[in-house]
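Engineer: Provided herewith: upload05.pdb, PDB, C-alpha atoms and all ligand atoms.
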```
ATOM      1  CA  MET A 184     -40.799 -54.558 -17.416  1.00  0.00           C
ATOM      2  CA  SER A 185     -37.921 -52.989 -15.592  1.00  0.00           C
ATOM      3  CA  SER A 186     -36.726 -51.276 -18.788  1.00  0.00           C
ATOM      4  CA  VAL A 187     -40.154 -49.594 -19.175  1.00  0.00           C
ATOM      5  CA  PHE A 188     -39.921 -48.445 -15.558  1.00  0.00           C
ATOM      6  CA  GLU A 189     -36.412 -47.054 -16.155  1.00  0.00           C
ATOM      7  CA  TYR A 190     -37.670 -45.270 -19.265  1.00  0.00           C
ATOM      8  CA  PHE A 191     -40.475 -43.439 -17.447  1.00  0.00           C
ATOM      9  CA  LYS A 192     -38.180 -42.704 -14.537  1.00  0.00           C
ATOM     10  CA  SER A 193     -35.675 -40.985 -16.801  1.00  0.00           C
ATOM     11  CA  VAL A 194     -38.469 -39.050 -18.518  1.00  0.00           C
ATOM     12  CA  GLY A 195     -39.677 -37.869 -15.108  1.00  0.00           C
ATOM     13  CA  GLN A 196     -36.158 -36.768 -14.131  1.00  0.00           C
ATOM     14  CA  GLY A 197     -35.825 -34.897 -17.412  1.00  0.00           C
ATOM     15  CA  VAL A 198     -39.110 -33.046 -16.870  1.00  0.00           C
ATOM     16  CA  LYS A 199     -38.092 -32.192 -13.294  1.00  0.00           C
ATOM     17  CA  SER A 200     -34.752 -30.856 -14.491  1.00  0.00           C
ATOM     18  CA  LEU A 201     -36.495 -28.812 -17.205  1.00  0.00           C
ATOM     19  CA  LEU A 202     -38.908 -27.265 -14.689  1.00  0.00           C
ATOM     20  CA  THR A 203     -36.049 -26.410 -12.319  1.00  0.00           C
ATOM     21  CA  GLY A 204     -34.222 -24.607 -15.113  1.00  0.00           C
ATOM     22  CA  MET A 205     -37.384 -22.805 -16.207  1.00  0.00           C
ATOM     23  CA  ALA A 206     -37.997 -21.687 -12.597  1.00  0.00           C
ATOM     24  CA  VAL A 207     -34.523 -20.125 -12.414  1.00  0.00           C
ATOM     25  CA  THR A 208     -35.019 -18.443 -15.779  1.00  0.00           C
ATOM     26  CA  GLY A 209     -38.454 -17.164 -14.745  1.00  0.00           C
ATOM     27  CA  LYS A 210     -37.092 -15.747 -11.493  1.00  0.00           C
ATOM     28  CA  GLU A 211     -34.305 -13.860 -13.291  1.00  0.00           C
ATOM     29  CA  PHE A 212     -36.860 -12.641 -15.855  1.00  0.00           C
ATOM     30  CA  VAL A 213     -38.849 -10.734 -13.219  1.00  0.00           C
ATOM     31  CA  THR A 214     -35.854  -9.588 -11.088  1.00  0.00           C
ATOM     32  CA  PRO A 215     -35.184  -5.808 -11.523  1.00  0.00           C
ATOM     33  CA  LYS A 216     -32.108  -5.213 -13.724  1.00  0.00           C
ATOM     34  CA  ILE A 217     -29.250  -2.942 -12.650  1.00  0.00           C
ATOM     35  CA  THR A 218     -27.009  -1.616 -15.397  1.00  0.00           C
ATOM     36  CA  GLU A 219     -23.903   0.363 -14.436  1.00  0.00           C
ATOM     37  CA  GLN A 220     -23.748   3.406 -16.717  1.00  0.00           C
ATOM     38  CA  TYR A 221     -19.956   3.374 -16.730  1.00  0.00           C
ATOM     39  CA  PRO A 222     -18.024   5.585 -17.407  1.00  0.00           C
ATOM     40  CA  GLU A 223     -20.804   8.187 -17.173  1.00  0.00           C
ATOM     41  CA  ASN A 224     -21.353   7.319 -13.492  1.00  0.00           C
ATOM     42  CA  ARG A 225     -17.662   7.605 -12.595  1.00  0.00           C
ATOM     43  CA  ALA A 226     -18.317  10.323  -9.984  1.00  0.00           C
ATOM     44  CA  THR A 227     -20.859   8.252  -8.094  1.00  0.00           C
ATOM     45  CA  LEU A 228     -19.410   4.790  -8.659  1.00  0.00           C
ATOM     46  CA  GLN A 229     -18.947   2.891  -5.397  1.00  0.00           C
ATOM     47  CA  ILE A 230     -15.890   0.609  -5.372  1.00  0.00           C
ATOM     48  CA  PRO A 231     -15.597  -1.573  -2.247  1.00  0.00           C
ATOM     49  CA  ASP A 232     -12.819  -0.372   0.063  1.00  0.00           C
ATOM     50  CA  ARG A 233     -11.221  -3.812   0.147  1.00  0.00           C
ATOM     51  CA  PHE A 234     -11.026  -4.173  -3.620  1.00  0.00           C
ATOM     52  CA  ARG A 235      -7.367  -4.804  -4.524  1.00  0.00           C
ATOM     53  CA  ALA A 236      -6.546  -2.673  -7.526  1.00  0.00           C
ATOM     54  CA  GLU A 237      -2.978  -1.452  -7.097  1.00  0.00           C
ATOM     55  CA  LEU A 238      -0.200  -1.733  -4.517  1.00  0.00           C
ATOM     56  CA  THR A 239       0.793   1.580  -2.937  1.00  0.00           C
ATOM     57  CA  LEU A 240       3.051   2.855  -0.190  1.00  0.00           C
ATOM     58  CA  LYS A 241       1.285   4.507   2.724  1.00  0.00           C
ATOM     59  CA  TYR A 242       2.248   8.158   3.187  1.00  0.00           C
ATOM     60  CA  ASP A 243       1.663  10.266   6.290  1.00  0.00           C
ATOM     61  CA  ALA A 244       0.656  13.932   6.285  1.00  0.00           C
ATOM     62  CA  GLU A 245       4.305  15.068   6.061  1.00  0.00           C
ATOM     63  CA  GLY A 246       4.936  12.921   2.986  1.00  0.00           C
ATOM     64  CA  HIS A 247       6.923  10.211   4.801  1.00  0.00           C
ATOM     65  CA  HIS A 248       6.440   6.541   4.054  1.00  0.00           C
ATOM     66  CA  LYS A 249       7.355   3.843   6.549  1.00  0.00           C
ATOM     67  CA  CYS A 250       9.392   1.576   4.273  1.00  0.00           C
ATOM     68  CA  ILE A 251      12.805   0.741   5.746  1.00  0.00           C
ATOM     69  CA  ALA A 252      13.984  -1.133   2.628  1.00  0.00           C
ATOM     70  CA  CYS A 253      14.235  -4.437   4.480  1.00  0.00           C
ATOM     71  CA  GLY A 254      13.270  -6.398   1.352  1.00  0.00           C
ATOM     72  CA  ILE A 255      10.804  -8.771   3.037  1.00  0.00           C
ATOM     73  CA  CYS A 256       7.996  -7.913   0.609  1.00  0.00           C
ATOM     74  CA  GLN A 257      10.324  -8.561  -2.324  1.00  0.00           C
ATOM     75  CA  MET A 258      11.337 -11.947  -0.896  1.00  0.00           C
ATOM     76  CA  ASN A 259       7.742 -12.971  -0.208  1.00  0.00           C
ATOM     77  CA  CYS A 260       6.325 -11.952  -3.573  1.00  0.00           C
ATOM     78  CA  PRO A 261       5.760 -15.229  -5.418  1.00  0.00           C
ATOM     79  CA  ASN A 262       6.313 -13.918  -8.920  1.00  0.00           C
ATOM     80  CA  GLY A 263       8.941 -11.183  -8.762  1.00  0.00           C
ATOM     81  CA  THR A 264       6.523  -8.283  -9.007  1.00  0.00           C
ATOM     82  CA  ILE A 265       8.498  -6.120  -6.585  1.00  0.00           C
ATOM     83  CA  GLU A 266      12.034  -4.870  -7.179  1.00  0.00           C
ATOM     84  CA  LEU A 267      13.716  -2.757  -4.526  1.00  0.00           C
ATOM     85  CA  LYS A 268      16.671  -0.500  -5.210  1.00  0.00           C
ATOM     86  CA  THR A 269      18.439   0.763  -2.123  1.00  0.00           C
ATOM     87  CA  LYS A 270      21.131   3.309  -1.361  1.00  0.00           C
ATOM     88  CA  MET A 271      23.454   4.032   1.561  1.00  0.00           C
ATOM     89  CA  VAL A 272      23.113   7.454   3.133  1.00  0.00           C
ATOM     90  CA  GLU A 273      25.158   9.134   5.821  1.00  0.00           C
ATOM     91  CA  LEU A 274      23.235  10.321   8.852  1.00  0.00           C
ATOM     92  CA  PRO A 275      24.003  13.603  10.661  1.00  0.00           C
ATOM     93  CA  ASP A 276      25.777  11.615  13.383  1.00  0.00           C
ATOM     94  CA  GLY A 277      28.133  10.107  10.785  1.00  0.00           C
ATOM     95  CA  LYS A 278      26.582   6.621  10.760  1.00  0.00           C
ATOM     96  CA  LYS A 279      25.641   4.951   7.479  1.00  0.00           C
ATOM     97  CA  LYS A 280      22.098   3.753   6.862  1.00  0.00           C
ATOM     98  CA  ARG A 281      20.458   1.808   4.059  1.00  0.00           C
ATOM     99  CA  LYS A 282      17.461   3.632   2.623  1.00  0.00           C
ATOM    100  CA  LEU A 283      14.946   3.053  -0.107  1.00  0.00           C
ATOM    101  CA  ASP A 284      15.979   4.461  -3.455  1.00  0.00           C
ATOM    102  CA  LYS A 285      13.331   3.059  -5.803  1.00  0.00           C
ATOM    103  CA  TYR A 286      10.385   0.791  -5.023  1.00  0.00           C
ATOM    104  CA  MET A 287       9.411  -0.707  -8.383  1.00  0.00           C
ATOM    105  CA  TYR A 288       6.119  -2.584  -8.741  1.00  0.00           C
ATOM    106  CA  ASP A 289       4.870  -4.336 -11.872  1.00  0.00           C
ATOM    107  CA  LEU A 290       1.107  -4.185 -11.802  1.00  0.00           C
ATOM    108  CA  GLY A 291       0.994  -6.357 -14.920  1.00  0.00           C
ATOM    109  CA  SER A 292       2.362  -9.401 -13.085  1.00  0.00           C
ATOM    110  CA  CYS A 293       0.743  -8.845  -9.663  1.00  0.00           C
ATOM    111  CA  THR A 294      -1.692 -11.568  -8.604  1.00  0.00           C
ATOM    112  CA  PHE A 295      -3.095  -9.410  -5.770  1.00  0.00           C
ATOM    113  CA  CYS A 296      -2.345 -12.152  -3.251  1.00  0.00           C
ATOM    114  CA  MET A 297      -1.433  -9.461  -0.681  1.00  0.00           C
ATOM    115  CA  LEU A 298       1.493 -11.444   0.768  1.00  0.00           C
ATOM    116  CA  CYS A 299       3.637  -8.314   0.523  1.00  0.00           C
ATOM    117  CA  VAL A 300       1.151  -6.284   2.571  1.00  0.00           C
ATOM    118  CA  THR A 301       0.596  -8.863   5.280  1.00  0.00           C
ATOM    119  CA  THR A 302       4.300  -9.620   5.792  1.00  0.00           C
ATOM    120  CA  CYS A 303       5.594  -6.041   5.838  1.00  0.00           C
ATOM    121  CA  PRO A 304       6.908  -5.449   9.385  1.00  0.00           C
ATOM    122  CA  GLN A 305       6.365  -1.700   9.066  1.00  0.00           C
ATOM    123  CA  ASP A 306       2.778  -1.742   7.825  1.00  0.00           C
ATOM    124  CA  ALA A 307       4.093   0.373   4.967  1.00  0.00           C
ATOM    125  CA  LEU A 308       1.981  -1.062   2.147  1.00  0.00           C
ATOM    126  CA  GLU A 309      -1.667  -1.158   1.204  1.00  0.00           C
ATOM    127  CA  PHE A 310      -3.850  -1.761  -1.815  1.00  0.00           C
ATOM    128  CA  SER A 311      -5.762   1.121  -3.318  1.00  0.00           C
ATOM    129  CA  ASN A 312      -9.141   0.453  -4.881  1.00  0.00           C
ATOM    130  CA  ASP A 313      -8.397   2.696  -7.864  1.00  0.00           C
ATOM    131  CA  PHE A 314      -9.475   0.179 -10.494  1.00  0.00           C
ATOM    132  CA  GLU A 315      -8.916   2.260 -13.635  1.00  0.00           C
ATOM    133  CA  GLN A 316      -5.480   0.958 -14.594  1.00  0.00           C
ATOM    134  CA  ALA A 317      -5.883   0.303 -18.319  1.00  0.00           C
ATOM    135  CA  VAL A 318      -2.877   1.386 -20.414  1.00  0.00           C
ATOM    136  CA  PHE A 319      -1.835   0.819 -24.016  1.00  0.00           C
ATOM    137  CA  GLU A 320       1.744  -0.289 -23.283  1.00  0.00           C
ATOM    138  CA  ARG A 321       2.736  -2.946 -20.769  1.00  0.00           C
ATOM    139  CA  ASP A 322       5.791  -1.071 -19.530  1.00  0.00           C
ATOM    140  CA  LYS A 323       3.483   1.659 -18.206  1.00  0.00           C
ATOM    141  CA  LEU A 324       2.276  -0.905 -15.665  1.00  0.00           C
ATOM    142  CA  VAL A 325       5.701  -0.827 -13.990  1.00  0.00           C
ATOM    143  CA  LYS A 326       5.411   1.886 -11.364  1.00  0.00           C
ATOM    144  CA  GLN A 327       7.707   3.527  -8.855  1.00  0.00           C
ATOM    145  CA  LEU A 328       5.788   3.544  -5.581  1.00  0.00           C
ATOM    146  CA  ASN A 329       8.047   6.022  -3.774  1.00  0.00           C
ATOM    147  CA  TYR A 330       7.266   8.688  -6.348  1.00  0.00           C
ATOM    148  CA  ARG A 331       7.066  11.593  -3.950  1.00  0.00           C
ATOM    149  CA  PRO A 332      10.149  13.687  -3.183  1.00  0.00           C
ATOM    150  CA  GLU A 333      11.730  12.362  -0.013  1.00  0.00           C
ATOM    151  CA  PRO A 334      11.321  14.891   2.849  1.00  0.00           C
ATOM    152  CA  GLU A 335      14.469  15.693   4.785  1.00  0.00           C
ATOM    153  CA  ASP A 336      14.857  13.824   8.049  1.00  0.00           C
ATOM    154  CA  PRO A 337      14.691  16.166  11.074  1.00  0.00           C
ATOM    155  CA  GLN A 338      18.147  17.320  12.076  1.00  0.00           C
ATOM    156  CA  PRO A 339      19.277  16.703  15.650  1.00  0.00           C
ATOM    157  CA  ALA A 340      18.855  19.788  17.848  1.00  0.00           C
ATOM    158  CA  ALA A 341      22.023  21.925  17.840  1.00  0.00           C
ATOM    159  CA  ALA A 342      23.853  22.231  21.174  1.00  0.00           C
ATOM    160  CA  LYS A 343      22.762  25.393  22.975  1.00  0.00           C
ATOM    161  CA  PRO A 344      25.493  27.999  23.577  1.00  0.00           C
ATOM    162  CA  ALA A 345      26.554  28.318  27.201  1.00  0.00           C
ATOM    163  CA  ALA A 346      24.488  30.937  29.079  1.00  0.00           C
ATOM    164  CA  ALA A 347      26.245  34.238  29.752  1.00  0.00           C
ATOM    165  CA  PRO A 348      27.179  34.598  33.416  1.00  0.00           C
ATOM    166  CA  SER A 349      24.870  36.904  35.355  1.00  0.00           C
ATOM    167  CA  PRO A 350      26.307  39.905  37.235  1.00  0.00           C
ATOM    168  CA  ALA A 351      25.462  38.195  40.522  1.00  0.00           C
ATOM    169  CA  ALA A 352      27.673  35.298  39.567  1.00  0.00           C
ATOM    170  CA  LYS A 353      30.774  37.408  38.882  1.00  0.00           C
ATOM    171  CA  PRO A 354      34.014  36.198  40.450  1.00  0.00           C
ATOM    172  CA  ALA A 355      34.472  37.381  44.024  1.00  0.00           C
ATOM    173  CA  ALA A 356      37.844  38.974  43.196  1.00  0.00           C
ATOM    174  CA  GLU A 357      36.198  41.200  40.592  1.00  0.00           C
ATOM    175  CA  THR A 358      33.302  42.346  42.804  1.00  0.00           C
ATOM    176  CA  THR A 359      35.025  42.735  46.158  1.00  0.00           C
ATOM    177  CA  ALA A 360      38.420  44.114  45.221  1.00  0.00           C
ATOM    178  CA  THR A 361      38.651  47.885  45.890  1.00  0.00           C
ATOM    179  CA  PRO A 362      41.524  50.059  44.767  1.00  0.00           C
ATOM    180  CA  LYS A 363      43.891  51.053  47.588  1.00  0.00           C
ATOM    181  CA  ASN A 364      44.910  54.651  47.873  1.00  0.00           C
TER     182      ASN A 364
HETATM  183  S1  LIG B   1       7.526  -2.226   2.131  1.00  0.00           S
HETATM  184 FE1  LIG B   1       7.724  -3.204   4.146  1.00  0.00          FE
HETATM  185  S2  LIG B   1       8.522  -5.258   3.738  1.00  0.00           S
HETATM  186 FE2  LIG B   1       8.827  -4.058   1.867  1.00  0.00          FE
HETATM  187  S3  LIG B   1      10.915  -3.278   2.063  1.00  0.00           S
HETATM  188 FE3  LIG B   1       9.546  -1.708   2.882  1.00  0.00          FE
HETATM  189  S4  LIG B   1       9.444  -2.120   5.086  1.00  0.00           S
HETATM  190 FE4  LIG B   1      10.300  -3.971   4.131  1.00  0.00          FE
HETATM  191  S1  LIG B   2       0.106  -8.789  -4.026  1.00  0.00           S
HETATM  192 FE1  LIG B   2       1.273 -10.726  -4.223  1.00  0.00          FE
HETATM  193  S2  LIG B   2       1.927 -10.770  -6.375  1.00  0.00           S
HETATM  194 FE2  LIG B   2       1.297  -8.671  -5.937  1.00  0.00          FE
HETATM  195  S3  LIG B   2       3.192  -7.623  -5.317  1.00  0.00           S
HETATM  196 FE3  LIG B   2       2.235  -8.365  -3.438  1.00  0.00          FE
HETATM  197  S4  LIG B   2       3.169 -10.370  -3.031  1.00  0.00           S
HETATM  198 FE4  LIG B   2       3.592  -9.853  -5.188  1.00  0.00          FE
END
```
Show the structure stored in the file as structure tokens.
Structural biologist:
Amino acid sequence: MSSVFEYFKSVGQGVKSLLTGMAVTGKEFVTPKITEQYPENRATLQIPDRFRAELTLKYDAEGHHKCIACGICQMNCPNGTIELKTKMVELPDGKKKRKLDKYMYDLGSCTFCMLCVTTCPQDALEFSNDFEQAVFERDKLVKQLNYRPEPEDPQPAAAKPAAAPSPAAKPAAETTATPKN
């Protein structure tokens, strides 16, 4: 008797499962369809701002980036996607300073975890949402992020020449001495 009960119970569960699936299918059948006409709609395509497509250095209006070549992003990257090359430069005051030479980024191995961005002490990095990154050769995915020519650092202001003495400030001997006859 119990086996007959189990049989009808399983049939009932099967029918319920079938109806649930048919309900989902029916709902999707009447839902309006949206088809992206890509690439024809490239000009109007809306990519979410937070979409992580490619690592970039932030540049200000003068073309400066904020990277100080500290190497923290390189150390925190879990799979060696970032390779920094640095150089020593001499400042106008004669001191030496380490500066960024090449910031190399391999888009092909990036997992978009954003650890580099969140740990950068200078807030020098961000992700662009430029998603069209398809290339035919893998080595084209290795990019130099500091690709812009480095602007010259502002020179320290030159020391002003000493002001010429005014006539009123002439030495007393010169102004008061009168020739004796
Ligand atoms: S991007 Fe940021 S963390 Fe990476 S080297 Fe430059 S300053 Fe340091
Ligand atoms: S997003 Fe992650 S994997 Fe990609 S470069 Fe940054 S730390 Fe490395």
Engineer: A:Gly291: which residues within 8 Å, counting all atoms listed in the file, same-chain residues fewer than 6 positions away excluded, as an MDAnalysis selection string?
Structural biologist: chainID A and resid 321 324:325
Engineer: Those same residues - C-alpha atoms - I'd like them written as a JSON list (two decimals), in the frame of the given file.
Structural biologist:
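And here is the file that came out, out.json:
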```json
[["chain", "number", "residue", "atom", "x", "y", "z"],
["A", 321, "ARG", "CA", 2.74, -2.95, -20.77],
["A", 324, "LEU", "CA", 2.28, -0.90, -15.66],
["A", 325, "VAL", "CA", 5.70, -0.83, -13.99]]
```
Engineer: Give the answer as one residue: which of A:Asn262, A:Thr208, A:Gln196, A:Thr269 has the shortest atom-to-atom distance to ligand LIG 2 (chain B), using all atoms listed in the file?
Structural biologist: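 Among A:Asn262, A:Thr208, A:Gln196, A:Thr269, it is A:Asn262 that comes nearest to ligand LIG 2 (chain B).
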Engineer: Please identify all protein, DNA and RNA residues within 7 Å of ligand LIG 1 (chain B), counting all atoms listed in the file, and report them as a list in words.
Structural biologist: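 Using all atoms listed in the file, everything at most 7 Å from ligand LIG 1 (chain B) comes to Lys249, Cys250, Ile251, Ala252, Cys253, Gly254, Ile255, Cys256, Gln257, Cys299, Thr302, Cys303, Pro304, Gln305, Asp306, Ala307 and Leu308 of chain A.
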Engineer: Taking all listed atoms of ligand LIG 2 (chain B), build the axis-aligned box, pad each of the six sides by 5 Å, then write its centre and edge lengths in Å to one decimal as lines of an AutoDock Vina configuration file.
Structural biologist:
```
center_x = 1.8
center_y = -9.2
center_z = -4.7
size_x = 13.5
size_y = 13.1
size_z = 13.3
```
Engineer: Looking at A:His247, A:Arg331, A:Arg225, A:Arg233, which one is nearest to A:Glu315, with distances taken over all atoms listed in the file?
Structural biologist: A:Arg225
Engineer: Using only C-alpha atoms and all ligand atoms, which residue out of A:Glu335, A:Met271, A:Ile265, A:Lys278 lies closest to ligand LIG 2 (chain B)?
Structural biologist: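 Selected residue with least distance to ligand LIG 2 (chain B): A:Ile265.
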Engineer: At a cut-off of 10 Å, can you tabulate as a tab-separated table every residue of chain A near ligand LIG 2 (chain B) together with its closest atom pair and the distance in Å to one decimal, using all atoms listed in the file and ordering rows by chain then number?
Structural biologist:
```
residue	atom	partner	partner_atom	distance
A:Arg235	CA	B:LIG2	S1	8.5
A:Ala236	CA	B:LIG2	S1	9.7
A:Glu237	CA	B:LIG2	FE2	8.5
A:Leu238	CA	B:LIG2	S3	6.8
A:Thr239	CA	B:LIG2	S3	9.8
A:Ile255	CA	B:LIG2	S4	9.9
A:Cys256	CA	B:LIG2	S4	6.5
A:Gln257	CA	B:LIG2	S4	7.4
A:Met258	CA	B:LIG2	S4	8.6
A:Asn259	CA	B:LIG2	S4	6.0
A:Cys260	CA	B:LIG2	S4	3.6
A:Pro261	CA	B:LIG2	FE4	5.8
A:Asn262	CA	B:LIG2	S2	6.0
A:Gly263	CA	B:LIG2	FE4	6.6
A:Thr264	CA	B:LIG2	S3	5.0
A:Ile265	CA	B:LIG2	S3	5.7
A:Glu266	CA	B:LIG2	S3	9.4
A:Met287	CA	B:LIG2	S3	9.8
A:Tyr288	CA	B:LIG2	S3	6.8
A:Asp289	CA	B:LIG2	S3	7.5
A:Leu290	CA	B:LIG2	FE2	7.4
A:Gly291	CA	B:LIG2	FE2	9.3
A:Ser292	CA	B:LIG2	S2	6.9
A:Cys293	CA	B:LIG2	FE2	3.8
A:Thr294	CA	B:LIG2	S2	4.3
A:Phe295	CA	B:LIG2	S1	3.7
A:Cys296	CA	B:LIG2	FE1	4.0
A:Met297	CA	B:LIG2	S1	3.7
A:Leu298	CA	B:LIG2	S4	4.3
A:Cys299	CA	B:LIG2	S4	4.1
A:Val300	CA	B:LIG2	FE3	6.5
A:Thr301	CA	B:LIG2	S4	8.8
A:Thr302	CA	B:LIG2	S4	8.9
A:Leu308	CA	B:LIG2	FE3	9.2
A:Glu309	CA	B:LIG2	FE3	9.4
A:Phe310	CA	B:LIG2	S1	8.4
```
Engineer: Would you work out the distance separating atom CA of A:Gly195 from atom CA of A:Thr214, expressed in Å to one decimal?
Structural biologist: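 Pair atom CA of A:Gly195 / atom CA of A:Thr214 returns 28.8 Å.
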Engineer: Given the choices A:Ser186, A:Gln220, A:Asn329, A:Thr203, which gets closest to A:Lys285 if the distance is worked out from only C-alpha atoms?
Structural biologist: A:Asn329
Engineer: Between atom CA of A:Ile230 and atom CA of A:Asn312, what is the distance, to one decimal in Å?
Structural biologist: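 Atom CA of A:Asn312 lies at a distance of 6.8 Å from atom CA of A:Ile230.
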Engineer: Can you measure atom CA of A:Ala317 to atom CA of A:His248 for me? One decimal in Å is fine.
Structural biologist: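 These atoms are spaced 26.3 Å apart.
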Engineer: Taking the structure in the block just given, could you write stretch 273-346 of chain A with C-alpha atoms, as a compact mmCIF listing (two decimals), in the first residue's frame?
Structural biologist:
```
# COMPACT_ATOMS: atom_id res chain seq x y z
CA GLU A 273 68.66 64.20 -10.60
CA LEU A 274 66.49 67.02 -9.31
CA PRO A 275 67.36 70.71 -9.82
CA ASP A 276 68.56 70.86 -6.20
CA GLY A 277 71.06 68.06 -6.89
CA LYS A 278 69.17 65.32 -5.01
CA LYS A 279 68.49 61.97 -6.66
CA LYS A 280 64.95 60.65 -6.98
CA ARG A 281 63.49 57.38 -8.21
CA LYS A 282 60.90 57.91 -10.93
CA LEU A 283 58.71 55.75 -13.08
CA ASP A 284 60.30 54.75 -16.36
CA LYS A 285 57.84 52.19 -17.74
CA TYR A 286 54.61 50.91 -16.22
CA MET A 287 53.92 47.64 -18.04
CA TYR A 288 50.52 45.96 -17.70
CA ASP A 289 49.51 42.63 -19.23
CA LEU A 290 45.80 42.80 -19.89
CA GLY A 291 45.87 39.15 -20.97
CA SER A 292 46.67 37.92 -17.45
CA CYS A 293 44.69 40.50 -15.43
CA THR A 294 41.88 39.04 -13.33
CA PHE A 295 40.35 42.49 -12.71
CA CYS A 296 40.49 41.93 -8.96
CA MET A 297 41.34 45.63 -8.49
CA LEU A 298 43.84 44.99 -5.67
CA CYS A 299 46.31 47.28 -7.44
CA VAL A 300 43.80 50.15 -7.52
CA THR A 301 42.64 49.83 -3.93
CA THR A 302 46.16 49.55 -2.47
CA CYS A 303 47.79 52.38 -4.43
CA PRO A 304 48.70 55.06 -1.85
CA GLN A 305 48.59 57.78 -4.49
CA ASP A 306 45.20 56.97 -6.01
CA ALA A 307 47.08 56.84 -9.30
CA LEU A 308 45.21 53.95 -10.93
CA GLU A 309 41.72 53.29 -12.20
CA PHE A 310 39.89 50.94 -14.51
CA SER A 311 38.49 52.25 -17.75
CA ASN A 312 35.29 50.75 -19.10
CA ASP A 313 36.63 50.63 -22.66
CA PHE A 314 35.65 47.03 -23.30
CA GLU A 315 36.81 46.69 -26.92
CA GLN A 316 40.19 45.07 -26.29
CA ALA A 317 40.20 42.23 -28.82
CA VAL A 318 43.54 41.76 -30.61
CA PHE A 319 44.97 39.07 -32.86
CA GLU A 320 48.30 38.66 -31.03
CA ARG A 321 48.68 38.16 -27.29
CA ASP A 322 51.73 40.39 -26.99
CA LYS A 323 49.56 43.35 -28.03
CA LEU A 324 47.79 42.94 -24.69
CA VAL A 325 50.96 44.05 -22.89
CA LYS A 326 50.62 47.81 -22.59
CA GLN A 327 52.73 50.65 -21.30
CA LEU A 328 50.42 52.72 -19.10
CA ASN A 329 52.68 55.78 -18.87
CA TYR A 330 52.51 56.25 -22.62
CA ARG A 331 52.30 60.02 -22.60
CA PRO A 332 55.46 62.13 -22.80
CA GLU A 333 56.48 63.08 -19.28
CA PRO A 334 55.98 66.84 -18.70
CA GLU A 335 58.92 68.67 -17.19
CA ASP A 336 58.69 69.26 -13.46
CA PRO A 337 58.38 72.97 -12.60
CA GLN A 338 61.78 74.50 -11.98
CA PRO A 339 62.38 76.25 -8.66
CA ALA A 340 62.00 80.03 -8.94
CA ALA A 341 65.35 81.69 -9.75
CA ALA A 342 66.76 84.02 -7.07
CA LYS A 343 65.78 87.61 -7.81
CA PRO A 344 68.66 90.02 -8.51
CA ALA A 345 69.28 92.53 -5.74
CA ALA A 346 67.27 95.75 -6.25
```
